[in-house]
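Enquirer: Supplied structure: run-v9.cif, mmCIF, C-alpha atoms; chains and numbers go by the auth columns.
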data_upload
loop_
_atom_site.group_PDB
_atom_site.id
_atom_site.type_symbol
_atom_site.label_atom_id
_atom_site.label_comp_id
_atom_site.label_asym_id
_atom_site.label_seq_id
_atom_site.Cartn_x
_atom_site.Cartn_y
_atom_site.Cartn_z
_atom_site.B_iso_or_equiv
_atom_site.auth_seq_id
_atom_site.auth_asym_id
ATOM 1 C CA GLY A 1 56.218 152.474 100.903 0.00 1 A
ATOM 2 C CA GLU A 2 55.072 154.112 104.094 0.00 2 A
ATOM 3 C CA ASN A 3 57.501 154.368 107.001 0.00 3 A
ATOM 4 C CA VAL A 4 56.447 155.458 110.475 0.00 4 A
ATOM 5 C CA GLU A 5 58.976 156.646 113.036 0.00 5 A
ATOM 6 C CA GLN A 6 58.001 156.903 116.702 0.00 6 A
ATOM 7 C CA HIS A 7 59.693 158.575 119.685 0.00 7 A
ATOM 8 C CA PRO A 8 60.536 158.002 122.412 0.00 8 A
ATOM 9 C CA SER A 9 60.893 154.237 122.676 0.00 9 A
ATOM 10 C CA THR A 10 60.433 154.419 126.442 0.00 10 A
ATOM 11 C CA LEU A 11 58.747 157.100 128.512 0.00 11 A
ATOM 12 C CA SER A 12 58.373 157.339 132.270 0.00 12 A
ATOM 13 C CA VAL A 13 56.085 159.945 133.804 0.00 13 A
ATOM 14 C CA GLN A 14 54.814 160.603 137.299 0.00 14 A
ATOM 15 C CA GLU A 15 51.199 159.707 137.890 0.00 15 A
ATOM 16 C CA GLY A 16 49.088 162.761 137.197 0.00 16 A
ATOM 17 C CA ASP A 17 51.565 164.296 134.754 0.00 17 A
ATOM 18 C CA SER A 18 51.148 164.399 130.983 0.00 18 A
ATOM 19 C CA ALA A 19 52.745 162.110 128.418 0.00 19 A
ATOM 20 C CA VAL A 20 53.481 162.985 124.810 0.00 20 A
ATOM 21 C CA ILE A 21 54.439 160.543 122.078 0.00 21 A
ATOM 22 C CA LYS A 22 55.512 161.801 118.664 0.00 22 A
ATOM 23 C CA CYS A 23 55.453 160.168 115.251 0.00 23 A
ATOM 24 C CA THR A 24 56.380 161.033 111.712 0.00 24 A
ATOM 25 C CA TYR A 25 55.310 159.380 108.495 0.00 25 A
ATOM 26 C CA SER A 26 56.719 159.421 104.985 0.00 26 A
ATOM 27 C CA ASP A 27 53.890 158.741 102.537 0.00 27 A
ATOM 28 C CA SER A 28 51.810 161.835 101.770 0.00 28 A
ATOM 29 C CA ALA A 29 49.035 159.499 100.588 0.00 29 A
ATOM 30 C CA SER A 30 48.413 158.395 104.180 0.00 30 A
ATOM 31 C CA ASN A 31 45.096 159.800 105.318 0.00 31 A
ATOM 32 C CA TYR A 32 44.248 157.889 108.469 0.00 32 A
ATOM 33 C CA PHE A 33 46.277 157.810 111.676 0.00 33 A
ATOM 34 C CA PRO A 34 45.195 155.437 114.438 0.00 34 A
ATOM 35 C CA TRP A 35 46.783 154.967 117.847 0.00 35 A
ATOM 36 C CA TYR A 36 46.799 151.575 119.508 0.00 36 A
ATOM 37 C CA LYS A 37 47.442 150.627 123.123 0.00 37 A
ATOM 38 C CA GLN A 38 48.867 147.187 123.814 0.00 38 A
ATOM 39 C CA GLU A 39 49.078 145.755 127.292 0.00 39 A
ATOM 40 C CA LEU A 40 51.445 142.874 127.919 0.00 40 A
ATOM 41 C CA GLY A 41 50.295 139.753 126.102 0.00 41 A
ATOM 42 C CA LYS A 42 47.124 141.391 124.860 0.00 42 A
ATOM 43 C CA ARG A 43 45.774 142.544 121.524 0.00 43 A
ATOM 44 C CA PRO A 44 46.416 146.065 120.178 0.00 44 A
ATOM 45 C CA GLN A 45 43.410 148.197 121.089 0.00 45 A
ATOM 46 C CA LEU A 46 42.355 151.179 119.038 0.00 46 A
ATOM 47 C CA ILE A 47 42.189 154.119 121.450 0.00 47 A
ATOM 48 C CA ILE A 48 41.856 157.100 119.151 0.00 48 A
ATOM 49 C CA ASP A 49 42.312 157.994 115.509 0.00 49 A
ATOM 50 C CA ILE A 50 42.490 161.055 113.316 0.00 50 A
ATOM 51 C CA ARG A 51 41.885 161.615 109.639 0.00 51 A
ATOM 52 C CA SER A 52 43.925 163.871 107.417 0.00 52 A
ATOM 53 C CA ASN A 53 41.201 166.486 107.084 0.00 53 A
ATOM 54 C CA VAL A 54 41.332 167.166 110.834 0.00 54 A
ATOM 55 C CA GLY A 55 44.122 168.823 112.821 0.00 55 A
ATOM 56 C CA GLU A 56 43.197 167.774 116.339 0.00 56 A
ATOM 57 C CA LYS A 57 40.880 165.360 118.100 0.00 57 A
ATOM 58 C CA LYS A 58 40.219 164.862 121.789 0.00 58 A
ATOM 59 C CA ASP A 59 38.581 162.088 123.784 0.00 59 A
ATOM 60 C CA GLN A 60 38.577 162.683 127.536 0.00 60 A
ATOM 61 C CA ARG A 61 42.231 162.516 128.669 0.00 61 A
ATOM 62 C CA ILE A 62 43.589 161.601 125.243 0.00 62 A
ATOM 63 C CA ALA A 63 44.223 163.980 122.359 0.00 63 A
ATOM 64 C CA VAL A 64 45.884 163.589 118.987 0.00 64 A
ATOM 65 C CA THR A 65 47.266 166.270 116.726 0.00 65 A
ATOM 66 C CA LEU A 66 48.204 166.036 113.069 0.00 66 A
ATOM 67 C CA ASN A 67 50.398 168.323 111.008 0.00 67 A
ATOM 68 C CA LYS A 68 50.034 167.137 107.417 0.00 68 A
ATOM 69 C CA THR A 69 52.525 169.614 106.038 0.00 69 A
ATOM 70 C CA ALA A 70 55.274 168.402 108.330 0.00 70 A
ATOM 71 C CA LYS A 71 54.005 164.797 108.340 0.00 71 A
ATOM 72 C CA HIS A 72 53.977 164.801 112.145 0.00 72 A
ATOM 73 C CA PHE A 73 51.350 163.482 114.517 0.00 73 A
ATOM 74 C CA SER A 74 51.301 163.182 118.288 0.00 74 A
ATOM 75 C CA LEU A 75 49.446 161.556 121.146 0.00 75 A
ATOM 76 C CA HIS A 76 48.892 163.488 124.370 0.00 76 A
ATOM 77 C CA ILE A 77 47.696 161.804 127.551 0.00 77 A
ATOM 78 C CA THR A 78 46.851 164.136 130.420 0.00 78 A
ATOM 79 C CA GLU A 79 46.427 163.307 134.120 0.00 79 A
ATOM 80 C CA THR A 80 48.092 159.949 133.640 0.00 80 A
ATOM 81 C CA GLN A 81 46.936 157.005 135.722 0.00 81 A
ATOM 82 C CA PRO A 82 48.544 153.623 136.524 0.00 82 A
ATOM 83 C CA GLU A 83 46.288 151.888 133.999 0.00 83 A
ATOM 84 C CA ASP A 84 47.812 153.998 131.244 0.00 84 A
ATOM 85 C CA SER A 85 50.993 151.900 131.551 0.00 85 A
ATOM 86 C CA ALA A 86 51.304 149.988 128.264 0.00 86 A
ATOM 87 C CA VAL A 87 52.987 150.084 124.877 0.00 87 A
ATOM 88 C CA TYR A 88 51.502 152.663 122.531 0.00 88 A
ATOM 89 C CA PHE A 89 51.785 152.347 118.768 0.00 89 A
ATOM 90 C CA CYS A 90 51.177 155.113 116.295 0.00 90 A
ATOM 91 C CA ALA A 91 50.268 154.092 112.779 0.00 91 A
ATOM 92 C CA ALA A 92 49.537 155.478 109.349 0.00 92 A
ATOM 93 C CA SER A 93 47.285 154.092 106.666 0.00 93 A
ATOM 94 C CA PRO A 94 47.792 155.025 103.005 0.00 94 A
ATOM 95 C CA ASP A 95 45.390 152.372 101.750 0.00 95 A
ATOM 96 C CA ASP A 96 44.182 148.987 102.961 0.00 96 A
ATOM 97 C CA LYS A 97 46.957 148.377 105.404 0.00 97 A
ATOM 98 C CA ILE A 98 48.102 149.947 108.654 0.00 98 A
ATOM 99 C CA ILE A 99 51.819 150.655 109.021 0.00 99 A
ATOM 100 C CA PHE A 100 52.857 150.745 112.654 0.00 100 A
ATOM 101 C CA GLY A 101 55.599 152.606 114.443 0.00 101 A
ATOM 102 C CA LYS A 102 57.940 150.680 116.720 0.00 102 A
ATOM 103 C CA GLY A 103 56.018 151.550 119.851 0.00 103 A
ATOM 104 C CA THR A 104 56.538 153.552 123.028 0.00 104 A
ATOM 105 C CA ARG A 105 56.625 151.782 126.352 0.00 105 A
ATOM 106 C CA LEU A 106 54.911 154.130 128.796 0.00 106 A
ATOM 107 C CA HIS A 107 55.579 153.668 132.515 0.00 107 A
ATOM 108 C CA ILE A 108 53.439 155.580 134.996 0.00 108 A
ATOM 109 C CA LEU A 109 55.421 156.080 138.186 0.00 109 A
ATOM 110 C CA PRO A 110 53.595 156.215 141.545 0.00 110 A
ATOM 111 C CA GLU B 1 30.530 144.507 122.401 0.00 1 B
ATOM 112 C CA PRO B 2 31.460 142.166 119.514 0.00 2 B
ATOM 113 C CA GLU B 3 35.116 141.197 119.232 0.00 3 B
ATOM 114 C CA VAL B 4 37.371 139.403 116.794 0.00 4 B
ATOM 115 C CA THR B 5 38.242 135.927 118.055 0.00 5 B
ATOM 116 C CA GLN B 6 41.163 133.696 117.134 0.00 6 B
ATOM 117 C CA THR B 7 42.060 130.044 117.654 0.00 7 B
ATOM 118 C CA PRO B 8 44.246 128.530 118.861 0.00 8 B
ATOM 119 C CA SER B 9 45.761 130.940 121.367 0.00 9 B
ATOM 120 C CA HIS B 10 49.086 129.109 121.148 0.00 10 B
ATOM 121 C CA GLN B 11 50.352 126.744 118.464 0.00 11 B
ATOM 122 C CA VAL B 12 53.624 124.849 118.627 0.00 12 B
ATOM 123 C CA THR B 13 54.811 123.201 115.433 0.00 13 B
ATOM 124 C CA GLN B 14 57.931 121.685 113.977 0.00 14 B
ATOM 125 C CA MET B 15 59.860 123.345 111.183 0.00 15 B
ATOM 126 C CA GLY B 16 58.500 122.316 107.798 0.00 16 B
ATOM 127 C CA GLN B 17 55.012 121.580 109.057 0.00 17 B
ATOM 128 C CA GLU B 18 51.873 123.317 107.829 0.00 18 B
ATOM 129 C CA VAL B 19 49.792 125.390 110.216 0.00 19 B
ATOM 130 C CA ILE B 20 46.387 126.986 109.893 0.00 20 B
ATOM 131 C CA LEU B 21 45.476 129.901 112.106 0.00 21 B
ATOM 132 C CA ARG B 22 41.808 130.667 112.456 0.00 22 B
ATOM 133 C CA CYS B 23 39.924 133.884 112.974 0.00 23 B
ATOM 134 C CA VAL B 24 36.306 134.845 113.337 0.00 24 B
ATOM 135 C CA PRO B 25 35.949 138.524 112.409 0.00 25 B
ATOM 136 C CA ILE B 26 33.212 140.770 113.765 0.00 26 B
ATOM 137 C CA SER B 27 30.041 139.611 112.073 0.00 27 B
ATOM 138 C CA ASN B 28 29.119 142.587 109.878 0.00 28 B
ATOM 139 C CA HIS B 29 32.688 143.434 108.924 0.00 29 B
ATOM 140 C CA LEU B 30 33.767 143.210 105.304 0.00 30 B
ATOM 141 C CA TYR B 31 37.510 143.788 105.402 0.00 31 B
ATOM 142 C CA PHE B 32 39.887 141.291 106.932 0.00 32 B
ATOM 143 C CA TYR B 33 43.582 141.436 107.722 0.00 33 B
ATOM 144 C CA TRP B 34 46.462 139.454 109.116 0.00 34 B
ATOM 145 C CA TYR B 35 49.382 141.020 110.951 0.00 35 B
ATOM 146 C CA ARG B 36 52.279 139.523 112.828 0.00 36 B
ATOM 147 C CA GLN B 37 54.359 140.719 115.754 0.00 37 B
ATOM 148 C CA ILE B 38 57.712 139.166 116.499 0.00 38 B
ATOM 149 C CA LEU B 39 58.364 139.280 120.245 0.00 39 B
ATOM 150 C CA GLY B 40 59.232 142.787 121.391 0.00 40 B
ATOM 151 C CA GLN B 41 58.873 144.300 117.939 0.00 41 B
ATOM 152 C CA LYS B 42 56.263 146.279 116.075 0.00 42 B
ATOM 153 C CA VAL B 43 53.158 144.932 114.430 0.00 43 B
ATOM 154 C CA GLU B 44 53.724 144.181 110.731 0.00 44 B
ATOM 155 C CA PHE B 45 51.092 144.014 108.007 0.00 45 B
ATOM 156 C CA LEU B 46 50.833 140.727 106.123 0.00 46 B
ATOM 157 C CA VAL B 47 47.699 140.797 103.977 0.00 47 B
ATOM 158 C CA SER B 48 44.312 142.399 103.481 0.00 48 B
ATOM 159 C CA PHE B 49 41.267 140.593 102.092 0.00 49 B
ATOM 160 C CA TYR B 50 38.012 141.917 100.712 0.00 50 B
ATOM 161 C CA ASN B 51 35.265 140.474 98.566 0.00 51 B
ATOM 162 C CA ASN B 52 36.872 137.042 98.626 0.00 52 B
ATOM 163 C CA GLU B 53 40.204 138.120 97.289 0.00 53 B
ATOM 164 C CA ILE B 54 43.489 139.557 98.473 0.00 54 B
ATOM 165 C CA SER B 55 43.491 143.338 98.095 0.00 55 B
ATOM 166 C CA GLU B 56 47.045 143.920 99.262 0.00 56 B
ATOM 167 C CA LYS B 57 49.958 141.941 100.625 0.00 57 B
ATOM 168 C CA SER B 58 53.373 142.734 102.031 0.00 58 B
ATOM 169 C CA GLU B 59 56.787 141.355 101.119 0.00 59 B
ATOM 170 C CA ILE B 60 56.535 139.045 104.125 0.00 60 B
ATOM 171 C CA PHE B 61 53.480 137.341 102.586 0.00 61 B
ATOM 172 C CA ASP B 62 55.332 135.091 100.176 0.00 62 B
ATOM 173 C CA ASP B 63 54.239 131.856 98.473 0.00 63 B
ATOM 174 C CA GLN B 64 54.360 130.006 101.798 0.00 64 B
ATOM 175 C CA PHE B 65 51.379 131.988 103.020 0.00 65 B
ATOM 176 C CA SER B 66 47.771 131.842 101.912 0.00 66 B
ATOM 177 C CA VAL B 67 44.457 133.125 103.210 0.00 67 B
ATOM 178 C CA GLU B 68 40.954 131.850 102.824 0.00 68 B
ATOM 179 C CA ARG B 69 37.440 132.662 103.875 0.00 69 B
ATOM 180 C CA PRO B 70 36.007 129.150 103.727 0.00 70 B
ATOM 181 C CA ASP B 71 32.547 130.117 104.940 0.00 71 B
ATOM 182 C CA GLY B 72 30.612 133.156 106.051 0.00 72 B
ATOM 183 C CA SER B 73 32.341 133.497 109.392 0.00 73 B
ATOM 184 C CA ASN B 74 35.900 132.165 109.387 0.00 74 B
ATOM 185 C CA PHE B 75 39.054 133.725 107.972 0.00 75 B
ATOM 186 C CA THR B 76 42.183 131.575 107.948 0.00 76 B
ATOM 187 C CA LEU B 77 45.915 132.047 107.473 0.00 77 B
ATOM 188 C CA LYS B 78 47.867 129.034 106.277 0.00 78 B
ATOM 189 C CA ILE B 79 51.631 128.722 106.411 0.00 79 B
ATOM 190 C CA ARG B 80 52.616 125.829 104.190 0.00 80 B
ATOM 191 C CA SER B 81 56.078 124.953 105.444 0.00 81 B
ATOM 192 C CA THR B 82 56.947 126.774 108.631 0.00 82 B
ATOM 193 C CA LYS B 83 60.390 128.184 109.326 0.00 83 B
ATOM 194 C CA LEU B 84 61.942 129.147 112.655 0.00 84 B
ATOM 195 C CA GLU B 85 61.589 132.825 111.739 0.00 85 B
ATOM 196 C CA ASP B 86 57.815 132.411 111.404 0.00 86 B
ATOM 197 C CA SER B 87 57.647 132.278 115.203 0.00 87 B
ATOM 198 C CA ALA B 88 55.580 135.297 116.182 0.00 88 B
ATOM 199 C CA MET B 89 52.197 136.453 117.424 0.00 89 B
ATOM 200 C CA TYR B 90 49.725 136.512 114.554 0.00 90 B
ATOM 201 C CA PHE B 91 46.843 138.942 114.807 0.00 91 B
ATOM 202 C CA CYS B 92 43.709 138.911 112.741 0.00 92 B
ATOM 203 C CA ALA B 93 41.830 142.194 112.326 0.00 93 B
ATOM 204 C CA SER B 94 38.619 143.268 110.695 0.00 94 B
ATOM 205 C CA SER B 95 36.876 146.487 109.776 0.00 95 B
ATOM 206 C CA GLY B 96 33.321 147.276 108.918 0.00 96 B
ATOM 207 C CA PRO B 97 31.213 148.893 106.262 0.00 97 B
ATOM 208 C CA GLY B 98 31.560 152.651 106.275 0.00 98 B
ATOM 209 C CA ARG B 99 34.488 152.448 108.674 0.00 99 B
ATOM 210 C CA LYS B 100 36.994 150.604 106.574 0.00 100 B
ATOM 211 C CA TYR B 101 40.016 152.121 108.295 0.00 101 B
ATOM 212 C CA GLU B 102 39.019 151.306 111.874 0.00 102 B
ATOM 213 C CA GLN B 103 40.586 147.932 112.313 0.00 103 B
ATOM 214 C CA TYR B 104 39.817 145.861 115.379 0.00 104 B
ATOM 215 C CA PHE B 105 42.278 143.219 116.397 0.00 105 B
ATOM 216 C CA GLY B 106 41.790 139.719 117.724 0.00 106 B
ATOM 217 C CA PRO B 107 43.677 138.406 120.772 0.00 107 B
ATOM 218 C CA GLY B 108 46.318 136.749 118.594 0.00 108 B
ATOM 219 C CA THR B 109 47.764 133.281 118.092 0.00 109 B
ATOM 220 C CA ARG B 110 51.263 132.735 119.391 0.00 110 B
ATOM 221 C CA LEU B 111 53.046 130.509 116.877 0.00 111 B
ATOM 222 C CA THR B 112 56.190 128.770 118.050 0.00 112 B
ATOM 223 C CA VAL B 113 58.211 126.906 115.424 0.00 113 B
ATOM 224 C CA THR B 114 60.780 124.487 116.827 0.00 114 B
#
Could you render the structure as structure tokens?
Expert:
Amino acid sequence: GENVEQHPSTLSVQEGDSAVIKCTYSDSASNYFPWYKQELGKRPQLIIDIRSNVGEKKDQRIAVTLNKTAKHFSLHITETQPEDSAVYFCAASPDDKIIFGKGTRLHILP
Amino acid sequence: EPEVTQTPSHQVTQMGQEVILRCVPISNHLYFYWYRQILGQKVEFLVSFYNNEISEKSEIFDDQFSVERPDGSNFTLKIRSTKLEDSAMYFCASSGPGRKYEQYFGPGTRLTVT
């Protein structure tokens, strides 16, 4: 079955700097790659997604890239702000289910 | 903006007891899911449900688990005989017509088995 690896597990960046989170997946049948943000004690929130027929997608300060050949995808957050502090999960979907990575705890330092 | 809702927010139960976790998906959604998250760990898929039947389930979703859509709005997860290791946050999610893959999560039910 699908396996999603995510790095790093923890990331600290200065406010205003960029943050990059990287993921790999194993199942070439996966064709949908969502990213979720989870604040402490809250639900996972879908923040951006990308489909396998697209290489890059941007939404304001957030961008995702996908390399299907290498089975890599990444989340880029620019001009980070304190409210970006959270756990971010990458995920891959080969069919009806979403398979999550282990998460990256992002700390935005003042 | 419509959201998935779940009740209760926290359920404490004794080992061996049955629990039912309830979810109200977004009203025009057709695909329903349950996930669980053990404290500090990743979110794990349990089951997907469409057209009144299970479309996929994980290894975690064994005979102790069942799902039901008893009416037009609710979607429930039943655990027949809870074990200590069932303690986790359980999230319901739903996705809509034409956007099957975009799953929106509820706030979760924290299940504590003692």
Enquirer: Enclose the full set of atoms of region 43-59 of chain B listed in the file within a box whose edges lie along x, y and z, apply 5 Å of padding to each of the six sides, and report centre and edge lengths in Å to one decimal as AutoDock Vina command-line options.
Expert:
--center_x 46.0 --center_y 141.0 --center_z 105.9 --size_x 31.5 --size_y 17.9 --size_z 27.1
Enquirer: Per residue of chain B within 8 Å of chain A, record the nearest atom pair and its distance in Å to one decimal, counting all atoms listed in the file, with rows in chain order and ascending residue number, as JSON lines.
Expert:
{"residue": "B:Gln41", "atom": "CA", "partner": "A:Lys102", "partner_atom": "CA", "distance": 6.6}
{"residue": "B:Lys42", "atom": "CA", "partner": "A:Lys102", "partner_atom": "CA", "distance": 4.8}
{"residue": "B:Val43", "atom": "CA", "partner": "A:Phe100", "partner_atom": "CA", "distance": 6.1}
{"residue": "B:Glu44", "atom": "CA", "partner": "A:Phe100", "partner_atom": "CA", "distance": 6.9}
{"residue": "B:Phe45", "atom": "CA", "partner": "A:Lys97", "partner_atom": "CA", "distance": 6.6}
{"residue": "B:Val47", "atom": "CA", "partner": "A:Lys97", "partner_atom": "CA", "distance": 7.7}
{"residue": "B:Ser48", "atom": "CA", "partner": "A:Asp96", "partner_atom": "CA", "distance": 6.6}
{"residue": "B:Ser55", "atom": "CA", "partner": "A:Asp96", "partner_atom": "CA", "distance": 7.5}
{"residue": "B:Glu56", "atom": "CA", "partner": "A:Asp96", "partner_atom": "CA", "distance": 6.9}
{"residue": "B:Phe91", "atom": "CA", "partner": "A:Arg43", "partner_atom": "CA", "distance": 7.7}
{"residue": "B:Tyr101", "atom": "CA", "partner": "A:Tyr32", "partner_atom": "CA", "distance": 7.2}
{"residue": "B:Glu102", "atom": "CA", "partner": "A:Pro34", "partner_atom": "CA", "distance": 7.9}
{"residue": "B:Gln103", "atom": "CA", "partner": "A:Leu46", "partner_atom": "CA", "distance": 7.7}
{"residue": "B:Tyr104", "atom": "CA", "partner": "A:Leu46", "partner_atom": "CA", "distance": 6.9}
{"residue": "B:Phe105", "atom": "CA", "partner": "A:Arg43", "partner_atom": "CA", "distance": 6.2}
{"residue": "B:Gly106", "atom": "CA", "partner": "A:Arg43", "partner_atom": "CA", "distance": 6.2}
{"residue": "B:Pro107", "atom": "CA", "partner": "A:Arg43", "partner_atom": "CA", "distance": 4.7}
{"residue": "B:Gly108", "atom": "CA", "partner": "A:Arg43", "partner_atom": "CA", "distance": 6.5}
Enquirer: Just how far from CA of Val113 (chain B) is CA of Gln11 (chain B), in Å to one decimal?
Expert: 8.4 Å
Enquirer: One number please: CA of Pro25 (chain B) to CA of Ala63 (chain A), in Å, one decimal.
Expert: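 Between CA of Pro25 (chain B) and CA of Ala63 (chain A) the gap works out to 28.6 Å.
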Enquirer: Smallest atom-to-atom distance to Glu68 (chain B): which of B:Ala93, B:Val4, B:Leu111, B:Phe32, using all atoms listed in the file?
Expert: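 Comparing B:Ala93, B:Val4, B:Leu111, B:Phe32 against Glu68 (chain B), the winner is B:Phe32.
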Enquirer: For this structure, which residues satisfy the selection - the PyMOL selection byres ((chain B and resi 79) around 8) - when it is evaluated on the file as given? I want them as a list in words.
Expert: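 Taken over the shown coordinates, the PyMOL selection byres ((chain B and resi 79) around 8) returns Glu18, Val19, Ile20, Gln64, Phe65, Ser66, Leu77, Lys78, Arg80, Ser81 and Thr82 of chain B.
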